[in-house]
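Let me begin by presenting the structure, written as structure tokens, before commenting on it.
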Protein chains: 2
Amino acid sequence: MSSRPATKPADAYHHGDLRRALLDAAMGVLEEDPGASLSMRDLARRLGVSHQAPYHYFRDRDALLKALGDAAIGDLLAAQQQAVAAQTDPRERLIALGTAYVDFAATRPRAFELVFDARLCPPDAPSPGRAPLIRANEDLLGRCIADLCATGWRPGADVEATALAMWGTAHGLASLVMGGHIPREAIDGVLRQVV
Amino acid sequence: MSSRPATKPADAYHHGDLRRALLDAAMGVLEEDPGASLSMRDLARRLGVSHQAPYHYFRDRDALLKALGDAAIGDLLAAQQQAVAAQTDPRERLIALGTAYVDFAATRPRAFELVFDARLCPPDAPSPGRAPLIRANEDLLGRCIADLCATGWRPGADVEATALAMWGTAHGLASLVMGGHIPREAIDGVLRQVV
DNA sequence: GGGGCGACTTGACATTGTCAAGACGATAGC
DNA sequence: GCTATCGTCTTGACAATGTCAAGTCGCCCC
């Protein structure tokens, strides 16, 4: 329960980079045990600091969760960019994009939840660091769809509506896989059928 | 905070139907304030009983939540059945089905969450009352798709995969509307484009 | 009319988030 | 070199919560 990771420096009083350590430990806890409720005090215990130390960096529990979500959305974007870059065919690119989205949710379900938790970060008022990442993500999807449309795929389709539909489908499949309602292996076939 | 609804009978000791009252009050709390964490003690206070009374009917907090989810899945199924029954054209039927799904999530977000919360009720081991409802729901979707295929829609499409894709899309749109990421009005157009 | 049992209460405990106030240690100005 | 200051962390308290354990109340049946 009260482990002491190697991040703790020799100086017993001043923790080298407590903020970072808190974020890392928090993400670790959430990912090793989905369903954990992330106690602030437990986190402090793990890092060997007092139960109030975390509050020096995060106003309250939700602030920590929100910061975690900010980091997670960056990871999600990176995973998608990498998947898209590995493909050249527009059709395969779109499929890779969706697969990366679902894989992220399957591999890091709590991170995925954090990204979309409206209670933590209402989408109409995103945190300053989050807004550009959201825009980048939308752009990525929009560009993939536009490229595909340029090849003559489904002529006359509305790019905007198609993007929404694709996002919806990927998001739904991700949620359902995350919840164990459909097996992860089924995804590729479904995505391939959709595009 | 400590209201006393009319369900309390004259008998001060024996509450008429505490189990029902608890479920109703719980759903009421969750729906009047999304984001509430549903305290057992608060619930007991609202019904004017001791803080332990709820535990006579529900082993713990999760058991109550699970029972709430069981009820919610019935409501979701009913809403979809009603929507489908109102349409005759197979195409419109499928759209109505999706719309009902999304509308349920938009109107009763917490109920929707409860239905799909894998921590409360793992889908590979559903509660006895829940299993038939899940099956009925799958059948409803399957029949809608099969009917549509019979009209010559997308010849050669795999019914199974199509059903998964539709479920995924509806679920994703529902989640995104719930989270405020896309406006509810956009749904009809997207659904119509998809089918 | 007494025993049994279902429905509810009282009391206690550990845990949690968070407020308030203090202690420690480096750094800068004199 | 001494001291004031400020960021960093600690100690102590409090109310709320979930939940265990042990009553108490009132009805019903033998």
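Chain labels follow the order of the structure tokens: the first chain is A, the next B, and so on; residue numbering restarts at 1 in every chain, and ligands are counted from 1 in their shown order.
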Compile the residues of chain B that lie within 8 Å of chain A, evaluated using only C-alpha atoms, and express the compilation as an mmCIF file with N, CA, C and O atoms, in the first residue's frame.
```cif
data_model
loop_
_atom_site.group_PDB
_atom_site.id
_atom_site.type_symbol
_atom_site.label_atom_id
_atom_site.label_comp_id
_atom_site.auth_asym_id
_atom_site.auth_seq_id
_atom_site.Cartn_x
_atom_site.Cartn_y
_atom_site.Cartn_z
ATOM 1 N N GLY B 35 -24.201 14.185 -12.025
ATOM 2 C CA GLY B 35 -22.947 14.513 -11.367
ATOM 3 C C GLY B 35 -22.999 14.263 -9.876
ATOM 4 O O GLY B 35 -21.976 14.272 -9.215
ATOM 5 N N PHE B 116 -24.871 0.746 -18.965
ATOM 6 C CA PHE B 116 -23.635 0.273 -19.586
ATOM 7 C C PHE B 116 -22.428 0.270 -18.667
ATOM 8 O O PHE B 116 -21.310 0.118 -19.131
ATOM 9 N N ASP B 117 -22.655 0.479 -17.378
ATOM 10 C CA ASP B 117 -21.534 0.505 -16.448
ATOM 11 C C ASP B 117 -21.038 -0.909 -16.182
ATOM 12 O O ASP B 117 -21.666 -1.673 -15.466
ATOM 13 N N ALA B 118 -19.881 -1.234 -16.744
ATOM 14 C CA ALA B 118 -19.359 -2.596 -16.635
ATOM 15 C C ALA B 118 -18.870 -2.900 -15.226
ATOM 16 O O ALA B 118 -18.782 -4.054 -14.827
ATOM 17 N N ARG B 119 -18.556 -1.862 -14.462
ATOM 18 C CA ARG B 119 -18.094 -2.097 -13.097
ATOM 19 C C ARG B 119 -19.245 -2.580 -12.217
ATOM 20 O O ARG B 119 -19.063 -3.345 -11.293
ATOM 21 N N PRO B 122 -20.905 -6.656 -15.087
ATOM 22 C CA PRO B 122 -20.101 -7.104 -16.222
ATOM 23 C C PRO B 122 -20.971 -7.790 -17.256
ATOM 24 O O PRO B 122 -21.774 -8.661 -16.902
ATOM 25 N N PRO B 123 -20.834 -7.422 -18.529
ATOM 26 C CA PRO B 123 -21.728 -7.899 -19.576
ATOM 27 C C PRO B 123 -21.646 -9.407 -19.801
ATOM 28 O O PRO B 123 -22.591 -10.007 -20.308
ATOM 29 N N ASP B 124 -20.544 -10.031 -19.407
ATOM 30 C CA ASP B 124 -20.436 -11.471 -19.585
ATOM 31 C C ASP B 124 -21.135 -12.218 -18.451
ATOM 32 O O ASP B 124 -21.247 -13.435 -18.492
ATOM 33 N N ALA B 161 -22.427 -7.910 -38.923
ATOM 34 C CA ALA B 161 -21.489 -6.788 -38.864
ATOM 35 C C ALA B 161 -22.226 -5.457 -38.962
ATOM 36 O O ALA B 161 -21.859 -4.478 -38.301
ATOM 37 N N THR B 162 -23.270 -5.429 -39.784
ATOM 38 C CA THR B 162 -24.035 -4.195 -39.922
ATOM 39 C C THR B 162 -24.715 -3.826 -38.601
ATOM 40 O O THR B 162 -24.745 -2.660 -38.198
ATOM 41 N N LEU B 164 -23.691 -4.594 -35.622
ATOM 42 C CA LEU B 164 -22.642 -4.087 -34.725
ATOM 43 C C LEU B 164 -22.303 -2.638 -35.068
ATOM 44 O O LEU B 164 -22.155 -1.788 -34.189
ATOM 45 N N ALA B 165 -22.173 -2.377 -36.378
ATOM 46 C CA ALA B 165 -21.821 -1.024 -36.811
ATOM 47 C C ALA B 165 -22.912 -0.028 -36.389
ATOM 48 O O ALA B 165 -22.619 1.060 -35.888
ATOM 49 N N MET B 166 -24.169 -0.416 -36.584
ATOM 50 C CA MET B 166 -25.266 0.486 -36.224
ATOM 51 C C MET B 166 -25.305 0.727 -34.728
ATOM 52 O O MET B 166 -25.515 1.844 -34.261
ATOM 53 N N TRP B 167 -25.130 -0.344 -33.977
ATOM 54 C CA TRP B 167 -25.119 -0.198 -32.522
ATOM 55 C C TRP B 167 -23.991 0.747 -32.106
ATOM 56 O O TRP B 167 -24.188 1.678 -31.318
ATOM 57 N N GLY B 168 -22.814 0.485 -32.690
ATOM 58 C CA GLY B 168 -21.678 1.340 -32.379
ATOM 59 C C GLY B 168 -21.957 2.791 -32.698
ATOM 60 O O GLY B 168 -21.706 3.682 -31.882
ATOM 61 N N THR B 169 -22.499 3.041 -33.860
ATOM 62 C CA THR B 169 -22.765 4.424 -34.260
ATOM 63 C C THR B 169 -23.772 5.081 -33.322
ATOM 64 O O THR B 169 -23.544 6.193 -32.834
ATOM 65 N N ALA B 170 -24.873 4.387 -33.084
ATOM 66 C CA ALA B 170 -25.886 4.948 -32.194
ATOM 67 C C ALA B 170 -25.301 5.200 -30.805
ATOM 68 O O ALA B 170 -25.502 6.262 -30.202
ATOM 69 N N HIS B 171 -24.535 4.232 -30.326
ATOM 70 C CA HIS B 171 -23.966 4.365 -28.980
ATOM 71 C C HIS B 171 -22.978 5.532 -28.908
ATOM 72 O O HIS B 171 -22.975 6.296 -27.955
ATOM 73 N N GLY B 172 -22.166 5.636 -29.938
ATOM 74 C CA GLY B 172 -21.203 6.729 -29.967
ATOM 75 C C GLY B 172 -21.884 8.075 -30.040
ATOM 76 O O GLY B 172 -21.539 9.001 -29.303
ATOM 77 N N LEU B 173 -22.851 8.205 -30.925
ATOM 78 C CA LEU B 173 -23.570 9.478 -31.030
ATOM 79 C C LEU B 173 -24.240 9.798 -29.692
ATOM 80 O O LEU B 173 -24.203 10.938 -29.225
ATOM 81 N N SER B 175 -23.317 8.878 -26.691
ATOM 82 C CA SER B 175 -22.306 9.299 -25.723
ATOM 83 C C SER B 175 -21.836 10.718 -25.993
ATOM 84 O O SER B 175 -21.663 11.522 -25.069
ATOM 85 N N LEU B 176 -21.631 11.022 -27.256
ATOM 86 C CA LEU B 176 -21.105 12.342 -27.605
ATOM 87 C C LEU B 176 -22.147 13.434 -27.341
ATOM 88 O O LEU B 176 -21.809 14.529 -26.889
ATOM 89 N N GLY B 179 -22.281 13.965 -23.611
ATOM 90 C CA GLY B 179 -21.140 14.716 -23.114
ATOM 91 C C GLY B 179 -21.104 16.150 -23.616
ATOM 92 O O GLY B 179 -20.252 16.928 -23.208
ATOM 93 N N GLY B 180 -22.042 16.488 -24.484
ATOM 94 C CA GLY B 180 -22.077 17.858 -24.981
ATOM 95 C C GLY B 180 -21.092 18.107 -26.105
ATOM 96 O O GLY B 180 -20.821 19.256 -26.457
ATOM 97 N N HIS B 181 -20.541 17.048 -26.686
ATOM 98 C CA HIS B 181 -19.550 17.235 -27.742
ATOM 99 C C HIS B 181 -20.191 17.524 -29.086
ATOM 100 O O HIS B 181 -19.579 18.156 -29.944
ATOM 101 N N GLY B 189 -29.791 14.190 -38.977
ATOM 102 C CA GLY B 189 -29.092 14.254 -40.254
ATOM 103 C C GLY B 189 -28.028 13.184 -40.378
ATOM 104 O O GLY B 189 -27.919 12.507 -41.410
ATOM 105 N N VAL B 190 -27.256 12.996 -39.323
ATOM 106 C CA VAL B 190 -26.182 12.005 -39.358
ATOM 107 C C VAL B 190 -26.752 10.604 -39.521
ATOM 108 O O VAL B 190 -26.311 9.826 -40.377
ATOM 109 N N LEU B 191 -27.757 10.287 -38.710
ATOM 110 C CA LEU B 191 -28.358 8.954 -38.796
ATOM 111 C C LEU B 191 -28.906 8.699 -40.193
ATOM 112 O O LEU B 191 -28.745 7.631 -40.769
ATOM 113 N N GLN B 193 -27.965 9.974 -42.905
ATOM 114 C CA GLN B 193 -26.893 9.797 -43.877
ATOM 115 C C GLN B 193 -26.297 8.396 -43.781
ATOM 116 O O GLN B 193 -25.907 7.799 -44.786
ATOM 117 N N VAL B 194 -26.250 7.884 -42.549
ATOM 118 C CA VAL B 194 -25.603 6.588 -42.338
ATOM 119 C C VAL B 194 -26.402 5.441 -42.961
ATOM 120 O O VAL B 194 -25.844 4.585 -43.637
#
```
Which residues of chain D sit at most 12 Å from stretch 54-74 of chain B, using only C-alpha atoms (C1' of nucleotides)? Give each one's shortest atom pair and distance in Å (one decimal place), in chain and ascending residue order, as JSON lines.
```
{"residue": "D:DT17", "atom": "C1'", "partner": "B:Arg61", "partner_atom": "CA", "distance": 11.2}
{"residue": "D:DG18", "atom": "C1'", "partner": "B:Arg61", "partner_atom": "CA", "distance": 8.0}
{"residue": "D:DT19", "atom": "C1'", "partner": "B:Asp60", "partner_atom": "CA", "distance": 8.0}
{"residue": "D:DC20", "atom": "C1'", "partner": "B:Tyr55", "partner_atom": "CA", "distance": 11.3}
```
Residues of chain C within 12 Å of chain A: nearest atom pair and distance (Å, one decimal) for each, counting only C-alpha atoms (C1' of nucleotides), sorted by chain and number, as JSON lines?
```
{"residue": "C:DT15", "atom": "C1'", "partner": "A:Arg41", "partner_atom": "CA", "distance": 9.4}
{"residue": "C:DT16", "atom": "C1'", "partner": "A:Ser39", "partner_atom": "CA", "distance": 7.4}
{"residue": "C:DG17", "atom": "C1'", "partner": "A:Met40", "partner_atom": "CA", "distance": 7.9}
{"residue": "C:DT18", "atom": "C1'", "partner": "A:Asp60", "partner_atom": "CA", "distance": 8.0}
{"residue": "C:DC19", "atom": "C1'", "partner": "A:Gln52", "partner_atom": "CA", "distance": 10.7}
{"residue": "C:DA20", "atom": "C1'", "partner": "A:Gln52", "partner_atom": "CA", "distance": 11.8}
{"residue": "C:DA23", "atom": "C1'", "partner": "A:Tyr13", "partner_atom": "CA", "distance": 11.1}
{"residue": "C:DC24", "atom": "C1'", "partner": "A:Tyr13", "partner_atom": "CA", "distance": 7.9}
{"residue": "C:DG25", "atom": "C1'", "partner": "A:Tyr13", "partner_atom": "CA", "distance": 8.6}
{"residue": "C:DA26", "atom": "C1'", "partner": "A:His14", "partner_atom": "CA", "distance": 10.6}
```
So that I have them on file, write out the residues from the current selection with C-alpha atoms (C1' of nucleotides), as a PDB file, in the first residue's frame.
```pdb
ATOM      1  C1'  DT C  15     -11.454   6.317   5.305  1.00  0.00           C
ATOM      2  C1'  DT C  16     -11.911  10.221   2.622  1.00  0.00           C
ATOM      3  C1'  DG C  17     -11.768  15.303   0.869  1.00  0.00           C
ATOM      4  C1'  DT C  18     -10.553  19.536   2.428  1.00  0.00           C
ATOM      5  C1'  DC C  19      -9.882  23.842   5.582  1.00  0.00           C
ATOM      6  C1'  DA C  20      -6.551  26.215   8.658  1.00  0.00           C
ATOM      7  C1'  DA C  23       7.363  24.350  10.123  1.00  0.00           C
ATOM      8  C1'  DC C  24      11.161  23.859   7.130  1.00  0.00           C
ATOM      9  C1'  DG C  25      14.789  25.358   3.849  1.00  0.00           C
ATOM     10  C1'  DA C  26      16.727  27.906   0.120  1.00  0.00           C
TER      11       DA C  26
END
```
Please produce chain B as a short mmCIF file (atom, residue, chain, number, x, y, z; two decimals) with C-alpha atoms, in the first residue's frame once it has been superposed on chain A, the fit using all Cα atoms paired in sequence order.
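And here's selection.cif as it stands now:
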```
data_model
loop_
_atom_site.label_atom_id
_atom_site.label_comp_id
_atom_site.auth_asym_id
_atom_site.auth_seq_id
_atom_site.Cartn_x
_atom_site.Cartn_y
_atom_site.Cartn_z
CA MET B 1 -0.21 0.01 -0.01
CA SER B 2 2.41 2.56 0.99
CA SER B 3 5.14 1.93 -1.53
CA ARG B 4 8.01 4.32 -2.01
CA PRO B 5 9.06 4.68 -5.66
CA ALA B 6 12.56 5.68 -6.74
CA THR B 7 11.47 9.19 -7.66
CA LYS B 8 11.96 10.36 -4.11
CA PRO B 9 15.25 12.27 -3.79
CA ALA B 10 17.72 12.27 -0.91
CA ASP B 11 16.25 15.50 0.41
CA ALA B 12 13.52 14.26 2.65
CA TYR B 13 11.69 17.55 2.72
CA HIS B 14 11.68 18.76 -0.84
CA HIS B 15 10.40 16.24 -3.29
CA GLY B 16 12.13 16.77 -6.63
CA ASP B 17 9.12 17.10 -8.87
CA LEU B 18 6.07 16.26 -6.88
CA ARG B 19 3.62 17.49 -9.48
CA ARG B 20 4.96 15.15 -12.13
CA ALA B 21 5.25 12.32 -9.65
CA LEU B 22 1.63 12.80 -8.65
CA LEU B 23 0.41 12.68 -12.22
CA ASP B 24 2.49 9.61 -13.00
CA ALA B 25 1.42 7.79 -9.86
CA ALA B 26 -2.21 8.70 -10.44
CA MET B 27 -2.17 7.40 -13.99
CA GLY B 28 -0.40 4.28 -12.76
CA VAL B 29 -3.03 3.59 -10.13
CA LEU B 30 -5.89 4.11 -12.58
CA GLU B 31 -4.36 1.87 -15.19
CA GLU B 32 -3.26 -0.96 -12.97
CA ASP B 33 -6.70 -1.15 -11.45
CA PRO B 34 -9.58 0.16 -13.52
CA GLY B 35 -12.39 0.89 -11.13
CA ALA B 36 -10.18 2.46 -8.48
CA SER B 37 -11.52 5.76 -7.26
CA LEU B 38 -8.12 7.44 -6.96
CA SER B 39 -7.83 8.60 -3.37
CA MET B 40 -5.73 11.71 -2.85
CA ARG B 41 -4.49 10.43 0.46
CA ASP B 42 -3.48 7.10 -0.98
CA LEU B 43 -1.55 8.92 -3.66
CA ALA B 44 0.30 10.99 -1.07
CA ARG B 45 1.06 7.83 0.90
CA ARG B 46 2.53 6.14 -2.16
CA LEU B 47 4.87 9.06 -2.73
CA GLY B 48 5.78 9.26 0.93
CA VAL B 49 4.49 12.79 1.44
CA SER B 50 1.86 14.18 3.76
CA HIS B 51 -1.80 13.91 2.89
CA GLN B 52 -1.96 17.61 2.08
CA ALA B 53 1.07 17.85 -0.19
CA PRO B 54 -0.91 17.11 -3.37
CA TYR B 55 -3.12 20.10 -2.67
CA HIS B 56 -0.18 22.39 -3.18
CA TYR B 57 -0.29 21.53 -6.87
CA PHE B 58 -3.94 20.73 -7.46
CA ARG B 59 -6.76 22.74 -5.97
CA ASP B 60 -8.80 19.61 -5.46
CA ARG B 61 -9.26 16.07 -6.67
CA ASP B 62 -11.03 17.14 -9.82
CA ALA B 63 -8.16 19.44 -10.77
CA LEU B 64 -5.79 16.48 -10.72
CA LEU B 65 -8.18 14.39 -12.77
CA LYS B 66 -8.54 17.24 -15.22
CA ALA B 67 -4.77 17.57 -15.63
CA LEU B 68 -4.65 13.82 -16.19
CA GLY B 69 -7.26 14.20 -18.90
CA ASP B 70 -5.26 16.96 -20.56
CA ALA B 71 -2.27 14.64 -20.78
CA ALA B 72 -4.40 11.77 -22.02
CA ILE B 73 -5.89 13.72 -24.89
CA GLY B 74 -2.36 14.46 -26.08
CA ASP B 75 -1.54 10.77 -26.03
CA LEU B 76 -4.72 9.93 -27.93
CA LEU B 77 -3.90 12.47 -30.61
CA ALA B 78 -0.33 11.20 -30.91
CA ALA B 79 -1.49 7.61 -31.28
CA GLN B 80 -3.85 8.58 -34.08
CA GLN B 81 -1.27 10.71 -35.89
CA GLN B 82 1.21 7.87 -35.79
CA ALA B 83 -1.33 5.37 -37.11
CA VAL B 84 -2.38 7.64 -39.96
CA ALA B 85 1.19 8.45 -40.94
CA ALA B 86 1.92 4.75 -41.40
CA GLN B 87 -0.63 4.45 -44.23
CA THR B 88 -0.68 5.97 -47.69
CA ASP B 89 -3.98 4.80 -49.14
CA PRO B 90 -6.77 7.19 -48.02
CA ARG B 91 -9.10 4.32 -47.34
CA GLU B 92 -6.60 2.48 -45.18
CA ARG B 93 -5.74 5.72 -43.47
CA LEU B 94 -9.28 6.24 -42.26
CA ILE B 95 -9.46 2.66 -41.05
CA ALA B 96 -6.14 3.06 -39.24
CA LEU B 97 -7.44 6.23 -37.62
CA GLY B 98 -10.50 4.45 -36.27
CA THR B 99 -8.49 1.47 -35.17
CA ALA B 100 -6.07 3.68 -33.24
CA TYR B 101 -9.00 5.39 -31.53
CA VAL B 102 -10.54 2.11 -30.45
CA ASP B 103 -7.19 0.62 -29.46
CA PHE B 104 -6.45 3.57 -27.24
CA ALA B 105 -9.76 3.11 -25.45
CA ALA B 106 -9.17 -0.63 -25.09
CA THR B 107 -5.61 -0.27 -23.81
CA ARG B 108 -6.08 2.73 -21.56
CA PRO B 109 -9.76 2.83 -20.67
CA ARG B 110 -9.42 5.20 -17.75
CA ALA B 111 -7.37 7.66 -19.79
CA PHE B 112 -10.04 7.51 -22.49
CA GLU B 113 -12.77 8.19 -19.95
CA LEU B 114 -10.84 11.13 -18.56
CA VAL B 115 -10.64 12.70 -22.00
CA PHE B 116 -14.39 12.68 -22.43
CA ASP B 117 -15.57 13.29 -18.88
CA ALA B 118 -17.81 16.32 -19.22
CA ARG B 119 -18.07 16.74 -15.46
CA LEU B 120 -14.33 17.33 -15.28
CA CYS B 121 -14.01 19.52 -18.34
CA PRO B 122 -17.14 20.77 -20.13
CA PRO B 123 -16.49 20.67 -23.88
CA ASP B 124 -17.86 24.18 -24.41
CA ALA B 125 -15.19 25.53 -22.05
CA PRO B 126 -12.09 23.40 -22.51
CA SER B 127 -8.95 24.09 -20.51
CA PRO B 128 -6.45 26.32 -22.33
CA GLY B 129 -4.04 23.50 -23.08
CA ARG B 130 -6.76 21.23 -24.30
CA ALA B 131 -8.44 23.37 -26.94
CA PRO B 132 -5.68 23.16 -29.59
CA LEU B 133 -5.44 19.40 -29.15
CA ILE B 134 -9.16 19.04 -29.73
CA ARG B 135 -8.91 21.17 -32.83
CA ALA B 136 -5.94 19.16 -34.11
CA ASN B 137 -7.92 15.99 -33.62
CA GLU B 138 -10.89 17.31 -35.54
CA ASP B 139 -8.60 18.49 -38.31
CA LEU B 140 -6.99 15.09 -38.58
CA LEU B 141 -10.32 13.36 -39.01
CA GLY B 142 -11.58 16.04 -41.41
CA ARG B 143 -8.51 15.73 -43.59
CA CYS B 144 -8.76 11.96 -43.72
CA ILE B 145 -12.39 12.16 -44.83
CA ALA B 146 -11.69 14.91 -47.35
CA ASP B 147 -8.83 12.89 -48.86
CA LEU B 148 -11.07 9.90 -49.18
CA CYS B 149 -13.85 11.94 -50.77
CA ALA B 150 -11.34 13.26 -53.29
CA THR B 151 -10.86 9.72 -54.56
CA GLY B 152 -14.51 9.62 -55.56
CA TRP B 153 -15.70 7.68 -52.52
CA ARG B 154 -19.43 8.12 -51.97
CA PRO B 155 -19.86 11.07 -54.32
CA GLY B 156 -22.00 13.85 -52.97
CA ALA B 157 -21.49 12.91 -49.34
CA ASP B 158 -21.44 15.80 -46.90
CA VAL B 159 -17.95 15.91 -45.42
CA GLU B 160 -19.12 17.48 -42.19
CA ALA B 161 -21.86 14.94 -41.54
CA THR B 162 -19.61 12.08 -42.58
CA ALA B 163 -16.97 13.19 -40.12
CA LEU B 164 -19.55 13.28 -37.33
CA ALA B 165 -20.80 9.84 -38.32
CA MET B 166 -17.28 8.40 -38.33
CA TRP B 167 -16.45 9.96 -35.00
CA GLY B 168 -19.67 8.62 -33.57
CA THR B 169 -19.03 5.14 -34.87
CA ALA B 170 -15.45 5.02 -33.65
CA HIS B 171 -16.46 6.43 -30.28
CA GLY B 172 -19.31 3.99 -29.89
CA LEU B 173 -17.22 0.99 -30.85
CA ALA B 174 -14.53 2.18 -28.46
CA SER B 175 -17.02 2.49 -25.61
CA LEU B 176 -18.58 -0.87 -26.30
CA VAL B 177 -15.21 -2.62 -26.50
CA MET B 178 -14.16 -0.87 -23.29
CA GLY B 179 -17.27 -2.09 -21.55
CA GLY B 180 -16.76 -5.62 -22.78
CA HIS B 181 -19.96 -5.60 -24.83
CA ILE B 182 -18.24 -6.48 -28.08
CA PRO B 183 -14.88 -8.22 -28.61
CA ARG B 184 -11.95 -6.16 -29.74
CA GLU B 185 -11.29 -8.50 -32.66
CA ALA B 186 -14.60 -7.65 -34.25
CA ILE B 187 -13.61 -4.02 -34.72
CA ASP B 188 -11.49 -4.31 -37.83
CA GLY B 189 -14.22 -6.06 -39.78
CA VAL B 190 -16.86 -3.56 -38.71
CA LEU B 191 -14.71 -0.54 -39.50
CA ARG B 192 -13.80 -2.00 -42.87
CA GLN B 193 -17.46 -2.54 -43.65
CA VAL B 194 -18.39 0.99 -42.64
CA VAL B 195 -15.94 2.93 -44.81
#
```
Using only C-alpha atoms (C1' of nucleotides), find which residues of chain D lie within 10 Å of chain A and jot them down as a ChimeraX atom specification.
/D:7-11
Output all heavy atoms for every residue in that selection, as a compact mmCIF listing (two decimals), in the first residue's frame.
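New file again08.txt:
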```
# COMPACT_ATOMS: atom_id res chain seq x y z
P DG D 7 5.84 32.43 -3.48
OP1 DG D 7 5.55 33.09 -4.77
OP2 DG D 7 4.84 32.43 -2.40
O5' DG D 7 6.26 30.93 -3.80
C5' DG D 7 7.48 30.69 -4.51
C4' DG D 7 8.05 29.33 -4.10
O4' DG D 7 8.36 29.33 -2.69
C3' DG D 7 7.08 28.17 -4.32
O3' DG D 7 7.83 27.05 -4.79
C2' DG D 7 6.50 27.91 -2.94
C1' DG D 7 7.70 28.25 -2.05
N9 DG D 7 7.35 28.67 -0.71
C8 DG D 7 6.42 29.63 -0.34
N7 DG D 7 6.34 29.80 0.95
C5 DG D 7 7.26 28.90 1.47
C6 DG D 7 7.61 28.63 2.82
O6 DG D 7 7.17 29.15 3.85
N1 DG D 7 8.58 27.64 2.91
C2 DG D 7 9.15 27.00 1.83
N2 DG D 7 10.07 26.07 2.10
N3 DG D 7 8.84 27.24 0.56
C4 DG D 7 7.88 28.20 0.46
P DT D 8 7.06 25.71 -5.21
OP1 DT D 8 7.86 25.08 -6.28
OP2 DT D 8 5.63 26.04 -5.40
O5' DT D 8 7.21 24.81 -3.92
C5' DT D 8 8.50 24.37 -3.53
C4' DT D 8 8.41 23.56 -2.26
O4' DT D 8 8.00 24.39 -1.17
C3' DT D 8 7.40 22.41 -2.33
O3' DT D 8 8.10 21.21 -2.09
C2' DT D 8 6.40 22.74 -1.23
C1' DT D 8 7.23 23.60 -0.30
N1 DT D 8 6.46 24.52 0.59
C2 DT D 8 6.68 24.46 1.94
O2 DT D 8 7.46 23.68 2.45
N3 DT D 8 5.94 25.34 2.69
C4 DT D 8 5.03 26.27 2.22
O4 DT D 8 4.44 27.01 2.99
C5 DT D 8 4.85 26.29 0.79
C7 DT D 8 3.89 27.25 0.18
C6 DT D 8 5.57 25.43 0.06
P DC D 9 7.39 19.81 -2.37
OP1 DC D 9 8.41 18.81 -2.71
OP2 DC D 9 6.27 20.09 -3.28
O5' DC D 9 6.80 19.46 -0.93
C5' DC D 9 7.71 19.04 0.10
C4' DC D 9 7.09 19.24 1.45
O4' DC D 9 6.48 20.55 1.54
C3' DC D 9 5.96 18.28 1.82
O3' DC D 9 6.46 17.27 2.70
C2' DC D 9 4.91 19.16 2.50
C1' DC D 9 5.61 20.50 2.64
N1 DC D 9 4.66 21.62 2.58
C2 DC D 9 4.37 22.33 3.76
O2 DC D 9 4.92 21.99 4.81
N3 DC D 9 3.48 23.34 3.72
C4 DC D 9 2.90 23.67 2.56
N4 DC D 9 2.03 24.69 2.59
C5 DC D 9 3.18 22.98 1.35
C6 DC D 9 4.06 21.97 1.40
P DT D 10 5.44 16.30 3.44
OP1 DT D 10 6.19 15.08 3.79
OP2 DT D 10 4.22 16.21 2.62
O5' DT D 10 5.09 17.07 4.80
C5' DT D 10 6.13 17.52 5.66
C4' DT D 10 5.57 17.89 7.03
O4' DT D 10 4.81 19.12 6.93
C3' DT D 10 4.63 16.86 7.63
O3' DT D 10 4.94 16.69 9.01
C2' DT D 10 3.25 17.46 7.44
C1' DT D 10 3.52 18.96 7.48
N1 DT D 10 2.58 19.74 6.64
C2 DT D 10 1.80 20.71 7.22
O2 DT D 10 1.82 20.99 8.40
N3 DT D 10 0.97 21.37 6.36
C4 DT D 10 0.85 21.16 5.00
O4 DT D 10 0.06 21.82 4.31
C5 DT D 10 1.69 20.12 4.46
C7 DT D 10 1.64 19.79 2.99
C6 DT D 10 2.51 19.46 5.29
P DT D 11 4.40 15.46 9.84
OP1 DT D 11 5.57 14.80 10.42
OP2 DT D 11 3.44 14.73 9.00
O5' DT D 11 3.57 16.16 11.01
C5' DT D 11 3.63 17.55 11.16
C4' DT D 11 2.51 18.06 12.06
O4' DT D 11 1.66 18.95 11.29
C3' DT D 11 1.57 17.02 12.66
O3' DT D 11 1.29 17.39 14.01
C2' DT D 11 0.34 17.07 11.77
C1' DT D 11 0.32 18.55 11.39
N1 DT D 11 -0.29 18.81 10.05
C2 DT D 11 -1.13 19.88 9.90
O2 DT D 11 -1.41 20.64 10.80
N3 DT D 11 -1.63 20.03 8.63
C4 DT D 11 -1.37 19.24 7.53
O4 DT D 11 -1.87 19.49 6.44
C5 DT D 11 -0.48 18.14 7.76
C7 DT D 11 -0.13 17.21 6.64
C6 DT D 11 0.01 17.97 8.99
```
Quick one: pull the distance between atom C1' of D:DC25 and atom C1' of C:DC8, Å, one decimal.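 Straight-line distance from atom C1' of D:DC25 to atom C1' of C:DC8 works out to 8.0 Å.
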